[in-house]
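Below is structure_4.txt, holding compact mmCIF, C-alpha atoms.
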# COMPACT_ATOMS: atom_id res chain seq x y z
CA MET A 1 107.32 95.58 128.29
CA THR A 2 109.05 96.09 124.95
CA GLN A 3 106.73 97.30 122.22
CA LEU A 4 106.89 95.34 118.97
CA PRO A 5 107.67 97.35 115.84
CA PRO A 6 104.81 97.86 113.37
CA PRO A 7 104.48 95.15 110.70
CA SER A 8 106.46 95.39 107.50
CA ALA A 9 104.76 96.99 104.50
CA ASP A 10 106.60 94.74 102.05
CA GLY A 11 104.48 93.45 99.20
CA ILE A 12 102.28 94.67 96.38
CA TRP A 13 99.90 97.51 97.26
CA HIS A 14 97.30 97.56 94.51
CA HIS A 15 94.02 99.30 93.64
CA LEU A 16 95.44 102.65 94.80
CA ARG A 17 93.77 105.77 93.44
CA PRO A 18 96.16 108.68 92.84
CA VAL A 19 95.13 112.32 93.26
CA PRO A 20 94.88 113.68 89.71
CA GLU A 21 95.74 117.25 90.75
CA LEU A 22 98.79 116.26 92.82
CA THR A 23 102.11 114.75 91.78
CA VAL A 24 101.86 111.56 93.82
CA PHE A 25 104.05 109.23 91.77
CA ASP A 26 107.20 109.94 89.80
CA GLU A 27 105.81 108.11 86.78
CA PRO A 28 102.58 109.30 85.11
CA LEU A 29 99.83 106.69 85.06
CA PRO A 30 97.14 106.12 82.44
CA ALA A 31 94.11 108.25 83.30
CA GLY A 32 91.60 106.41 85.47
CA GLU A 33 93.76 103.31 85.93
CA PRO A 34 94.49 102.20 89.52
CA ALA A 35 98.06 102.40 90.70
CA CYS A 36 100.24 99.67 92.08
CA VAL A 37 103.20 100.14 94.45
CA VAL A 38 105.75 97.45 95.25
CA VAL A 39 107.54 97.69 98.60
CA GLN A 40 110.56 95.55 99.48
CA ASP A 41 112.95 96.02 102.39
CA ALA A 42 111.11 99.22 103.40
CA THR A 43 111.82 100.74 99.97
CA VAL A 44 109.51 101.44 97.04
CA ARG A 45 110.81 99.20 94.22
CA TRP A 46 108.25 99.84 91.50
CA VAL A 47 105.30 102.12 90.76
CA GLY A 48 102.89 101.82 87.86
CA PRO A 49 99.58 100.38 86.63
CA ALA A 50 98.75 96.86 87.80
CA THR A 51 98.63 95.64 84.20
CA ALA A 52 102.34 96.47 83.84
CA LEU A 53 103.52 94.81 87.06
CA PRO A 54 106.84 93.05 86.35
CA ALA A 55 106.65 89.28 86.70
CA THR A 56 109.55 89.33 89.18
CA TYR A 57 107.18 90.78 91.81
CA ALA A 58 104.11 88.66 91.05
CA ASP A 59 104.48 86.26 93.99
CA LEU A 60 104.86 88.92 96.66
CA PRO A 61 102.15 89.32 99.31
CA ARG A 62 99.32 91.58 98.19
CA HIS A 63 97.50 94.38 99.96
CA ASP A 64 94.26 95.44 98.32
CA ALA A 65 93.61 99.14 98.89
CA ARG A 66 90.15 98.80 97.32
CA GLY A 67 90.34 102.14 95.56
CA ALA A 68 91.57 104.17 98.53
CA LEU A 69 92.99 107.59 97.71
CA ALA A 70 96.81 107.57 97.84
CA THR A 71 99.10 110.45 98.76
CA PRO A 72 102.73 110.68 99.78
CA GLY A 73 103.27 110.75 103.54
CA LEU A 74 102.49 114.18 104.98
CA VAL A 75 105.34 116.46 106.07
CA ASP A 76 105.04 119.03 108.88
CA CYS A 77 107.94 121.31 108.06
CA HIS A 78 107.80 123.91 110.86
CA THR A 79 107.13 123.01 114.51
CA HIS A 80 108.32 123.90 118.00
CA LEU A 81 107.06 120.60 119.39
CA VAL A 82 109.39 120.20 122.39
CA TYR A 83 108.76 122.59 125.28
CA GLY A 84 107.68 122.74 128.90
CA GLY A 85 104.37 124.06 130.18
CA GLN A 86 101.61 125.63 128.13
CA ARG A 87 100.20 129.13 127.71
CA ALA A 88 96.42 128.77 127.68
CA ASN A 89 96.19 131.50 130.30
CA GLU A 90 97.66 133.98 127.81
CA PHE A 91 94.98 133.03 125.31
CA ALA A 92 92.36 133.91 127.92
CA MET A 93 94.17 137.14 128.82
CA ARG A 94 94.25 138.29 125.19
CA LEU A 95 90.56 137.53 124.82
CA ALA A 96 89.94 139.69 127.89
CA GLY A 97 91.74 142.57 126.22
CA ALA A 98 95.30 142.29 127.54
CA THR A 99 98.01 143.63 125.22
CA TYR A 100 101.19 141.78 124.29
CA GLU A 101 103.11 144.01 126.71
CA GLU A 102 100.65 143.31 129.54
CA VAL A 103 100.94 139.56 128.95
CA ALA A 104 104.73 139.84 129.07
CA GLN A 105 104.64 141.95 132.25
CA ALA A 106 102.54 139.23 133.85
CA GLY A 107 105.34 136.74 133.19
CA GLY A 108 103.89 135.41 129.95
CA GLY A 109 105.17 135.23 126.41
CA ILE A 110 108.23 133.31 125.40
CA VAL A 111 109.82 133.94 128.81
CA SER A 112 107.15 131.70 130.30
CA SER A 113 108.00 128.86 127.91
CA VAL A 114 111.73 129.32 128.50
CA LYS A 115 111.25 129.08 132.26
CA ALA A 116 109.12 125.93 132.01
CA THR A 117 111.46 124.30 129.48
CA ARG A 118 114.53 125.00 131.57
CA GLU A 119 112.86 123.53 134.64
CA ALA A 120 111.82 120.32 132.88
CA SER A 121 114.09 117.31 132.59
CA GLU A 122 114.81 115.62 129.28
CA ASP A 123 112.48 112.77 130.19
CA GLU A 124 109.72 115.20 131.16
CA LEU A 125 110.06 117.07 127.87
CA PHE A 126 109.88 113.75 126.01
CA ALA A 127 106.72 112.75 127.88
CA LEU A 128 105.09 116.10 127.11
CA ALA A 129 106.01 116.05 123.42
CA ALA A 130 105.09 112.41 122.76
CA PRO A 131 101.29 112.81 122.65
CA ARG A 132 101.62 115.94 120.53
CA LEU A 133 103.71 114.03 118.03
CA GLN A 134 101.32 111.08 118.09
CA ALA A 135 98.40 113.35 117.20
CA LEU A 136 100.25 114.51 114.10
CA LEU A 137 101.36 111.01 113.16
CA ASP A 138 97.78 109.74 113.40
CA GLU A 139 96.91 112.04 110.49
CA GLY A 140 99.60 110.64 108.22
CA VAL A 141 102.66 112.74 109.03
CA CYS A 142 105.79 110.84 107.97
CA ALA A 143 108.39 113.59 108.47
CA ILE A 144 108.50 116.51 110.85
CA GLU A 145 110.79 119.37 111.75
CA ILE A 146 111.33 120.12 115.44
CA LYS A 147 113.03 123.35 116.49
CA SER A 148 114.78 124.28 119.69
CA GLY A 149 114.50 127.87 120.88
CA TYR A 150 112.86 127.59 124.31
CA GLY A 151 116.10 126.82 126.13
CA LEU A 152 118.19 129.84 125.07
CA ALA A 153 121.22 128.40 126.88
CA LEU A 154 123.50 125.62 125.70
CA GLU A 155 122.40 122.95 128.17
CA HIS A 156 118.71 123.59 127.58
CA GLU A 157 118.90 123.92 123.79
CA ARG A 158 120.83 120.63 123.82
CA LYS A 159 118.06 119.10 125.92
CA GLN A 160 115.38 120.10 123.41
CA LEU A 161 117.33 118.79 120.43
CA ARG A 162 118.18 115.52 122.16
CA VAL A 163 114.48 114.98 122.86
CA ALA A 164 113.69 115.68 119.21
CA ARG A 165 116.16 112.98 118.15
CA ARG A 166 114.68 110.55 120.71
CA LEU A 167 111.18 111.16 119.38
CA GLY A 168 112.26 110.23 115.88
CA THR A 169 113.74 106.95 117.08
CA ALA A 170 110.92 106.06 119.44
CA PHE A 171 108.11 106.78 116.97
CA GLY A 172 109.76 105.61 113.77
CA VAL A 173 109.39 108.96 112.02
CA THR A 174 111.83 111.18 110.14
CA VAL A 175 112.71 114.12 112.40
CA ARG A 176 114.74 117.08 111.17
CA THR A 177 116.16 119.14 114.01
CA THR A 178 116.56 122.90 113.71
CA PHE A 179 118.66 124.98 116.08
CA LEU A 180 116.72 128.16 116.89
CA GLY A 181 118.97 129.57 119.58
CA ALA A 182 118.34 133.03 118.09
CA HIS A 183 114.62 132.89 118.92
CA ALA A 184 114.51 135.56 121.60
CA LEU A 185 116.80 137.15 124.14
CA PRO A 186 116.95 135.12 127.35
CA PRO A 187 116.16 137.16 130.47
CA GLU A 188 119.78 137.11 131.64
CA TYR A 189 120.85 138.81 128.39
CA ALA A 190 118.27 141.61 128.47
CA GLY A 191 119.76 144.66 126.74
CA ARG A 192 122.77 142.63 125.51
CA SER A 193 121.58 141.35 122.18
CA GLN A 194 125.01 141.34 120.54
CA ASP A 195 126.56 139.41 123.44
CA TYR A 196 123.89 136.74 123.12
CA THR A 197 124.27 136.55 119.34
CA ASP A 198 128.00 136.02 119.85
CA LEU A 199 127.24 133.21 122.30
CA VAL A 200 124.90 131.54 119.79
CA CYS A 201 127.52 131.70 117.04
CA THR A 202 130.74 130.91 118.87
CA GLU A 203 129.65 128.47 121.58
CA MET A 204 126.14 127.07 121.25
CA LEU A 205 125.95 126.25 117.54
CA PRO A 206 129.46 124.74 117.22
CA ALA A 207 128.93 122.55 120.29
CA LEU A 208 125.51 121.27 119.22
CA ALA A 209 126.64 120.70 115.65
CA ALA A 210 129.63 118.69 116.89
CA GLU A 211 127.20 116.46 118.79
CA GLY A 212 125.20 115.79 115.60
CA LEU A 213 122.10 117.52 116.91
CA VAL A 214 121.63 120.18 114.22
CA ASP A 215 120.18 119.59 110.74
CA ALA A 216 119.44 123.27 110.06
CA VAL A 217 119.73 126.70 111.68
CA ASP A 218 116.89 129.19 112.06
CA VAL A 219 116.59 132.78 113.33
CA PHE A 220 113.62 134.94 114.29
CA CYS A 221 114.44 138.09 112.33
CA GLU A 222 112.04 140.78 113.50
CA ARG A 223 111.85 144.09 115.33
CA ILE A 224 111.05 142.30 118.60
CA ALA A 225 113.74 139.67 118.04
CA PHE A 226 117.00 139.77 116.04
CA THR A 227 118.24 142.37 113.58
CA LEU A 228 119.27 141.77 110.01
CA ALA A 229 122.94 142.09 110.98
CA GLU A 230 122.58 139.62 113.86
CA THR A 231 120.72 137.22 111.58
CA GLU A 232 123.51 137.34 109.02
CA GLN A 233 126.06 136.67 111.75
CA VAL A 234 124.20 133.47 112.67
CA PHE A 235 123.91 132.50 108.99
CA GLN A 236 127.66 132.97 108.53
CA ALA A 237 128.35 130.73 111.53
CA ALA A 238 126.05 128.07 110.06
CA GLN A 239 127.66 128.40 106.64
CA GLN A 240 131.12 127.84 108.11
CA LEU A 241 129.83 124.59 109.62
CA GLY A 242 128.13 123.52 106.38
CA ILE A 243 124.64 123.61 107.91
CA PRO A 244 121.67 124.87 105.85
CA VAL A 245 119.63 127.83 107.09
CA LYS A 246 116.01 128.90 107.18
CA LEU A 247 114.30 131.98 108.60
CA HIS A 248 111.28 133.26 110.50
CA ALA A 249 110.89 136.09 108.01
CA GLU A 250 108.62 139.07 107.50
CA GLN A 251 105.96 137.96 110.00
CA LEU A 252 105.27 141.34 111.60
CA SER A 253 107.09 143.71 109.27
CA ASP A 254 109.30 143.75 106.19
CA MET A 255 112.81 143.47 107.59
CA GLY A 256 114.38 142.29 104.34
CA GLY A 257 115.07 138.94 105.96
CA ALA A 258 113.83 136.85 103.06
CA ALA A 259 116.27 138.45 100.63
CA LEU A 260 119.10 137.91 103.12
CA ALA A 261 118.10 134.28 103.66
CA ALA A 262 117.93 133.73 99.91
CA ARG A 263 121.51 134.99 99.56
CA TYR A 264 122.54 132.18 101.89
CA GLY A 265 120.54 129.61 99.90
CA ALA A 266 117.94 129.18 102.64
CA LEU A 267 115.77 126.08 102.54
CA SER A 268 112.74 128.16 103.48
CA CYS A 269 111.38 131.48 104.66
CA ASP A 270 108.47 131.03 107.04
CA HIS A 271 105.44 133.20 107.99
CA ILE A 272 106.16 135.89 105.30
CA GLU A 273 102.95 137.91 105.74
CA HIS A 274 104.89 141.11 104.95
CA LEU A 275 107.09 139.65 102.19
CA SER A 276 108.04 142.18 99.50
CA GLN A 277 108.26 141.69 95.75
CA GLY A 278 112.04 141.90 96.05
CA GLY A 279 111.98 139.13 98.65
CA ILE A 280 109.83 136.98 96.38
CA ALA A 281 112.25 137.44 93.49
CA ALA A 282 115.22 136.55 95.69
CA MET A 283 113.48 133.41 96.97
CA LYS A 284 112.58 132.35 93.44
CA ALA A 285 116.17 132.76 92.27
CA ALA A 286 117.51 130.80 95.25
CA GLY A 287 114.91 128.01 95.13
CA THR A 288 113.78 128.91 98.65
CA VAL A 289 110.39 127.56 99.74
CA ALA A 290 107.73 129.86 101.18
CA VAL A 291 106.26 128.23 104.30
CA LEU A 292 102.75 129.43 105.16
CA LEU A 293 101.65 129.19 108.79
CA PRO A 294 97.90 129.86 108.93
CA GLY A 295 97.61 128.65 112.54
CA ALA A 296 99.66 131.58 113.84
CA TYR A 297 97.83 133.97 111.52
CA TYR A 298 94.53 132.71 112.94
CA THR A 299 95.56 132.70 116.60
CA LEU A 300 97.00 136.20 116.44
CA ARG A 301 93.91 137.39 114.52
CA ASP A 302 96.21 138.84 111.90
CA THR A 303 94.71 140.66 108.93
CA HIS A 304 97.79 141.13 106.71
CA LEU A 305 97.71 138.24 104.24
CA PRO A 306 100.86 136.72 102.75
CA PRO A 307 101.31 137.69 99.07
CA ILE A 308 99.87 134.44 97.74
CA ALA A 309 99.06 135.68 94.23
CA GLN A 310 102.56 137.10 93.77
CA LEU A 311 104.20 133.91 95.06
CA ARG A 312 102.03 131.89 92.72
CA GLU A 313 102.84 134.12 89.76
CA ALA A 314 106.57 133.92 90.51
CA GLY A 315 106.45 130.14 90.80
CA VAL A 316 107.77 130.06 94.37
CA PRO A 317 106.78 126.71 95.96
CA MET A 318 104.44 127.18 98.92
CA ALA A 319 104.50 124.76 101.86
CA VAL A 320 101.98 124.66 104.70
CA SER A 321 102.76 123.72 108.30
CA THR A 322 101.25 123.69 111.78
CA ASP A 323 103.90 125.92 113.42
CA HIS A 324 102.94 124.00 116.55
CA ASN A 325 104.01 126.09 119.55
CA PRO A 326 102.48 126.94 122.92
CA GLY A 327 102.05 130.66 122.33
CA THR A 328 100.72 131.45 118.87
CA SER A 329 99.78 128.17 117.16
CA PRO A 330 98.85 125.30 119.50
CA ALA A 331 97.75 123.31 116.45
CA LEU A 332 97.97 119.53 116.26
CA SER A 333 96.37 118.90 112.87
CA LEU A 334 98.18 119.39 109.58
CA LEU A 335 94.94 118.70 107.72
CA LEU A 336 93.31 121.59 109.57
CA MET A 337 96.19 123.79 108.45
CA ALA A 338 95.50 122.72 104.85
CA ASN A 339 91.91 123.81 105.35
CA MET A 340 93.00 127.14 106.82
CA ALA A 341 95.47 127.70 103.99
CA CYS A 342 92.54 127.36 101.59
CA THR A 343 89.98 129.37 103.55
CA LEU A 344 92.22 132.10 104.98
CA PHE A 345 94.96 132.35 102.35
CA ARG A 346 92.89 131.26 99.30
CA LEU A 347 95.16 128.42 98.24
CA THR A 348 93.62 125.94 95.84
CA VAL A 349 93.16 122.36 97.04
CA PRO A 350 96.06 121.09 94.86
CA GLU A 351 98.29 123.88 96.23
CA ALA A 352 97.37 122.99 99.80
CA LEU A 353 98.01 119.27 99.25
CA ALA A 354 101.37 119.97 97.58
CA GLY A 355 102.04 122.28 100.53
CA ILE A 356 101.81 119.46 103.07
CA THR A 357 103.68 116.92 100.93
CA THR A 358 106.01 117.80 98.06
CA HIS A 359 106.84 121.41 98.92
CA ALA A 360 107.02 120.72 102.66
CA ALA A 361 109.61 118.01 101.98
CA ARG A 362 111.66 120.49 99.95
CA ALA A 363 111.46 123.00 102.80
CA LEU A 364 113.33 120.46 104.94
CA GLY A 365 115.80 119.38 102.26
CA LEU A 366 114.04 116.01 102.13
CA GLN A 367 112.89 116.18 98.51
CA ASP A 368 114.89 113.06 97.61
CA THR A 369 113.23 110.85 100.24
CA HIS A 370 109.81 112.33 101.03
CA GLY A 371 106.90 114.06 99.32
CA LEU A 372 106.68 111.66 96.38
CA ILE A 373 106.04 107.93 95.94
CA ALA A 374 108.86 106.79 93.67
CA ALA A 375 111.07 103.77 93.03
CA GLY A 376 114.24 103.83 95.10
CA ARG A 377 112.76 105.96 97.88
CA PRO A 378 111.80 104.89 101.41
CA ALA A 379 108.15 103.81 101.58
CA HIS A 380 106.14 106.72 102.99
CA PHE A 381 102.53 106.93 101.86
CA VAL A 382 98.98 107.28 103.15
CA LEU A 383 95.77 105.64 101.93
CA TRP A 384 92.59 107.62 102.62
CA PRO A 385 88.95 106.40 102.72
CA LEU A 386 87.79 109.44 100.76
CA GLY A 387 85.95 109.86 97.49
CA ASP A 388 87.47 113.19 96.53
CA ALA A 389 90.91 114.67 97.18
CA ALA A 390 89.25 117.95 98.16
CA GLU A 391 87.99 116.18 101.29
CA LEU A 392 91.53 116.29 102.69
CA ALA A 393 91.17 120.06 102.97
CA TYR A 394 87.37 120.20 103.30
CA TRP A 395 86.75 118.41 106.60
CA TYR A 396 88.04 119.80 109.87
CA GLY A 397 87.78 118.24 113.29
CA HIS A 398 87.68 114.85 111.59
CA LYS A 399 90.58 112.41 111.33
CA PRO A 400 89.93 109.86 108.59
CA ALA A 401 90.68 106.24 109.47
CA CYS A 402 93.63 106.06 107.11
CA THR A 403 96.28 103.43 106.50
CA ILE A 404 99.77 104.87 107.00
CA VAL A 405 103.00 103.36 105.67
CA ARG A 406 105.90 105.12 107.34
CA GLN A 407 109.55 104.10 107.01
CA GLY A 408 108.44 100.95 105.23
CA ARG A 409 106.16 99.79 108.03
CA VAL A 410 102.40 99.85 108.47
CA ALA A 411 102.21 102.42 111.26
CA ALA A 412 98.40 102.42 111.21
CA ASP A 413 95.86 100.38 109.27
CA GLY A 414 92.59 102.21 109.69
CA LEU A 415 91.29 100.76 106.43
CA GLY A 416 91.98 97.19 107.50
CA ILE A 417 93.84 96.29 104.32
CA HIS A 418 97.16 95.08 105.66
CA THR A 419 97.06 91.36 104.85
CA HIS A 420 99.96 89.08 104.00
CA GLN A 421 98.24 86.46 101.92
CA GLU A 422 100.36 84.99 99.21
CA ALA A 423 99.16 85.65 95.69
CA PRO A 424 98.72 82.69 93.34
CA HIS A 425 101.88 82.01 91.37
CA GLY A 426 102.04 84.20 88.30
CA ALA A 427 98.95 86.21 89.30
I need this file expressed as structure tokens, please.
Amino acid sequence: MTQLPPPSADGIWHHLRPVPELTVFDEPLPAGEPACVVVQDATVRWVGPATALPATYADLPRHDARGALATPGLVDCHTHLVYGGQRANEFAMRLAGATYEEVAQAGGGIVSSVKATREASEDELFALAAPRLQALLDEGVCAIEIKSGYGLALEHERKQLRVARRLGTAFGVTVRTTFLGAHALPPEYAGRSQDYTDLVCTEMLPALAAEGLVDAVDVFCERIAFTLAETEQVFQAAQQLGIPVKLHAEQLSDMGGAALAARYGALSCDHIEHLSQGGIAAMKAAGTVAVLLPGAYYTLRDTHLPPIAQLREAGVPMAVSTDHNPGTSPALSLLLMANMACTLFRLTVPEALAGITTHAARALGLQDTHGLIAAGRPAHFVLWPLGDAAELAYWYGHKPACTIVRQGRVAADGLGIHTHQEAPHGA
């Protein structure tokens, strides 16, 4: 049976309460006055106080938000959502005292995910990823990045990226695909790192880009992954194809990856627990976003905090993401990550909320369409039944019954406010 699309969000959304500490709308509103958003043809046409609503919109259907808190749609800017299998057994092994090497020797680690992903069909990968995506969407996510990196061969990387595209279409959500072929060495290339890097650059990336499957290119630059020279080789290949780059940088050590990524105008550097002052300066100069991933920090029981105070002082925008993956961050709640960013990394509530909206959109190159409610942009916003914006980062294990407008449609109406009653003429 064909599923009907969600109802249109067209009309006047009024009695919205903006978050004072967060840039929600492009136009400042009078303090304490409810906001009003006009949506037509899936696009925000006007934003402002209800008392200034242009007469041309007065007869549109009205949706009374009854003072609900309004934010831009959430953005999860770093995920590995499409993969086969799971690695709960490794979690148990680590708790029992097994080392990383012992887990790997037992067939665990990324090799386990590669094996399961390669064995799964495209349809199976879609079926596995769908409920994960739905869990994130239920919390108000309106844009998400999905990386490859568990195929590590052309046919299997293609399979992951094709599933990512399908998910975007099927669920009516903005999906940005990132090619992470340089995630780890596949077993068949053990000891031949340069040969595999050449394959990524000369065969895999060009082929996938030609098929329209790649929005950005990422590399895991680390002692256990790819060297600085290999990372730059991948960046050069991406640059020649006109594809933006980002980087798994400085997670376990200071490799100088952030400074390299900044030289290539990277959208973001992610993890960054060991980021140096020089890396911070390079990111600031390049406009590169720092993506904080507290879920991985928590799961790995890390103790080396990212340099939050220095990033803040330098004015480097900080995004927050789930880093959903089967090995080190099996997280399916972006709101929980906002809480962890506050409790573990000491972000303020406004910083955490900007981290899952405005700055996360910038980390994906989506700053012109997401992360802000503004005239001329697609309608992506969430209405929350909360009294205080701090509640978005305060609660955990609780999903508020929110109303979600995504791609100009009412994807969920937990507040029960989506009504299409005609307003009186001139009202």
Could you make a table, as JSON lines, of the residues of range 229-269 of chain A that have an atom within 8 Å of an atom of range 213-225 of chain A, each with its nearest atom pair and distance in Å to one decimal, counting only C-alpha atoms, in chain and number order?
{"residue": "A:Thr231", "atom": "CA", "partner": "A:Val219", "partner_atom": "CA", "distance": 6.3}
{"residue": "A:Val234", "atom": "CA", "partner": "A:Val219", "partner_atom": "CA", "distance": 7.7}
{"residue": "A:Phe235", "atom": "CA", "partner": "A:Val217", "partner_atom": "CA", "distance": 7.6}
{"residue": "A:Ala238", "atom": "CA", "partner": "A:Val217", "partner_atom": "CA", "distance": 6.7}
{"residue": "A:Ile243", "atom": "CA", "partner": "A:Ala216", "partner_atom": "CA", "distance": 5.6}
{"residue": "A:Pro244", "atom": "CA", "partner": "A:Ala216", "partner_atom": "CA", "distance": 5.0}
{"residue": "A:Val245", "atom": "CA", "partner": "A:Val217", "partner_atom": "CA", "distance": 4.7}
{"residue": "A:Lys246", "atom": "CA", "partner": "A:Asp218", "partner_atom": "CA", "distance": 5.0}
{"residue": "A:Leu247", "atom": "CA", "partner": "A:Asp218", "partner_atom": "CA", "distance": 5.1}
{"residue": "A:His248", "atom": "CA", "partner": "A:Phe220", "partner_atom": "CA", "distance": 4.8}
{"residue": "A:Ala249", "atom": "CA", "partner": "A:Cys221", "partner_atom": "CA", "distance": 5.9}
{"residue": "A:Glu250", "atom": "CA", "partner": "A:Glu222", "partner_atom": "CA", "distance": 7.1}
{"residue": "A:Gln251", "atom": "CA", "partner": "A:Glu222", "partner_atom": "CA", "distance": 7.6}
{"residue": "A:Leu252", "atom": "CA", "partner": "A:Glu222", "partner_atom": "CA", "distance": 7.1}
{"residue": "A:Ser253", "atom": "CA", "partner": "A:Glu222", "partner_atom": "CA", "distance": 7.1}
{"residue": "A:Met255", "atom": "CA", "partner": "A:Glu222", "partner_atom": "CA", "distance": 6.5}
{"residue": "A:Gly257", "atom": "CA", "partner": "A:Cys221", "partner_atom": "CA", "distance": 6.5}
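Counting all atoms listed in the file and comparing A:Ala331, A:Ala286, A:His271, A:Val44, the residue that lies closest to His304 in chain A is A:His271.
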Query - Who sits within 12 Å of Pro187 in chain A, only C-alpha atoms, same chain under 6 positions skipped, as a VMD selection string - result: chain A and resid 104 107 109 to 115 150 to 153 193 196
Query raised in the report: For Gly149 in chain A, which of A:Thr174, A:Thr56, A:Thr79, A:Thr227 is the closest residue, counting all atoms listed in the file?
Result: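 Checking each candidate against Gly149 in chain A, we get A:Thr79 as the closest.
Near Pro306 in chain A, within 8 Å and counting only C-alpha atoms, sit His271, Ile272, Glu273, His274, Leu275, Leu292 and Phe345 of chain A, not including residues fewer than 4 positions from it in the same chain.
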Query raised in the report: Counting only C-alpha atoms, which of A:Leu74, A:Leu208, A:Leu53, A:Met337 gets nearest to Val382 in chain A?
Result: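 With only C-alpha atoms as the atom set, the closest residue is A:Leu74.
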Report task. Determine, counting all atoms listed in the file, which protein, DNA and RNA residues have an atom within 12 Å of an atom of Thr117 in chain A; residues of the same chain fewer than 5 positions away are not included. Present the result as JSON, numbers by chain. Result -> {"A": [80, 81, 82, 83, 84, 85, 86, 110, 111, 112, 122, 123, 124, 125, 126, 128, 129, 148, 149, 150, 151, 152, 153, 155, 156, 157, 158, 159, 160, 163, 326]}
